[in-house]
Protein chains: 2
Amino acid sequence: MKVLEERIREEGRILSDTVLKVDSFLNHQVDTGLALQIGREFREVFGDLPVTKILTVEASGIQFAMAAGIAYKVPFIYAKKKKAVTLSESVYSAPVHSFTRQEDYRISISQNYLGPDDKVLIIDDFLATGAALVGLADIVEQSGAQLLGVGCVIEKSFQEGRSLLEKKGIAVHALARISSMAPGEVHFIANEEMIKESAGC
Amino acid sequence: MKVLEERIREEGRILSDTVLKVDSFLNHQVDTGLALQIGREFREVFGDLPVTKILTVEASGIQFAMAAGIAYKVPFIYAKKKKAVTLSESVYSAPVHSFTRQEDYRISISQNYLGPDDKVLIIDDFLATGAALVGLADIVEQSGAQLLGVGCVIEKSFQEGRSLLEKKGIAVHALARISSMAPGEVHFIANEEMIKESAGC
């Protein structure tokens, strides 16, 4: 997604080989117009699938799950990282290890809102180690729903997230795929390569 | 907001005199169409103010801040409850006491994204004790920005949040104002009363 790559080049701040800050337009301050474009782009890349629910995890996935929900005209659900005081009924849950924060937590969603009739897209801001996304995929499996794919805004393709998901047979799309980065420079996997890859070349 | 009151009556689950669950359509599973309507309604009630930024706090304010940001065509910022690993620069922050969880935490936003030129609307899902909203108002004050008002989706008007904010001279609007509730029943402050109140009668 050209406009997204340009914004990452212009505004992204690369703090190390693995840490990219995009909090001026994606995940602290949010450019609402761009977020809506991102939602429409997810619908473009996944196509007119019979999606019934978008699934994400709080907090920074919410704006993109909402944008995808708007594009597909379906509700979205955000998994909680803490057990809510008011979440009294049964939940599906999965453990997640955060490599960034070096901590373990559980994500959960109410069993009321996901079941065998659902067809789900998982949406998140980053695909890196894939930890939270694997947890979400685990929750979809527990619910008996069908997982149609995982969409991420930015992929750090030098980390193992994509291969973890693809090993489980999950279709993965990312709108900007970073092949490498260092302070002052960021390299994307070019669109042609992305097309070649998805054609299996 | 009639459609919102109806959904609260139909789907809201009242667990006690003070706890209302609306997680089937507002803050766990989210009806994206309704969220967009809520954003437009905020623009209706606040009018065409020269808003530059919407401010909220993660996580359950995000979908409504985004909807208001879409309606006003401006970015939104969500305050973080934890210091982000990648949030290295200076922040504005404020302490918040959660009565629901009986815990204290700090909310913070980067100083890069809010300053004296900004005109801000604060948006959140619930107005109850007002703790998080007072914290956000404090942050706006620290930044030198102008606070145009606070908008909440649901107000539990039998709690002290509104009066805390109004004492500070802040304009407060809520789209559904609950005067009292008990398992099986919920009472709203009627629209006429709201009009009378805002006319100072």
# chains A, B, ... in the order shown; residues from 1 in each chain; ligands from 1

$ residues_around --residues "range 181-190 of chain A" --least-positions-apart "3" --cutoff "12 Å" --atoms "only C-alpha atoms" --output "number ranges by chain"
A: 1-2, 4-21, 154-159, 174-178, 193-197

$ interface_residues --of "chain B" --to "chain A" --cutoff "7 Å" --atoms "only C-alpha atoms" --output "list in words"
Lys21, His28, Gln29, Val30, Asp31, Thr32, Glu58, Ala59, Ile62, Gln63, Met66, Gly69, Ile70, Val74, Pro75, Phe76, Ile77, Tyr78, Thr86 and Tyr113 of chain B

$ residues_around --residues "range 90-97 of chain B" --least-positions-apart "5" --cutoff "9 Å" --atoms "only C-alpha atoms" --output "PyMOL selection string"
chain B and resi 79+102-112+131-136+138-140+142-143

$ select_by_dssp --residues "range 117-163 of chain B" --states "alpha helix (DSSP H)" --output "number ranges by chain"
B: 131-143, 161-163

$ closest_residue --among "A:Asp117, A:Leu148, A:Ala128, A:Ser180" --to "Glu160 in chain A" --atoms "only C-alpha atoms"
A:Ala128

$ select_by_dssp --residues "range 16-196 of chain A" --states "strand (DSSP E)" --output "MDAnalysis selection string"
chainID A and resid 20:21 29:30 53:57 76:79 91:98 103:110 119:127 146:156 172:182 185:188
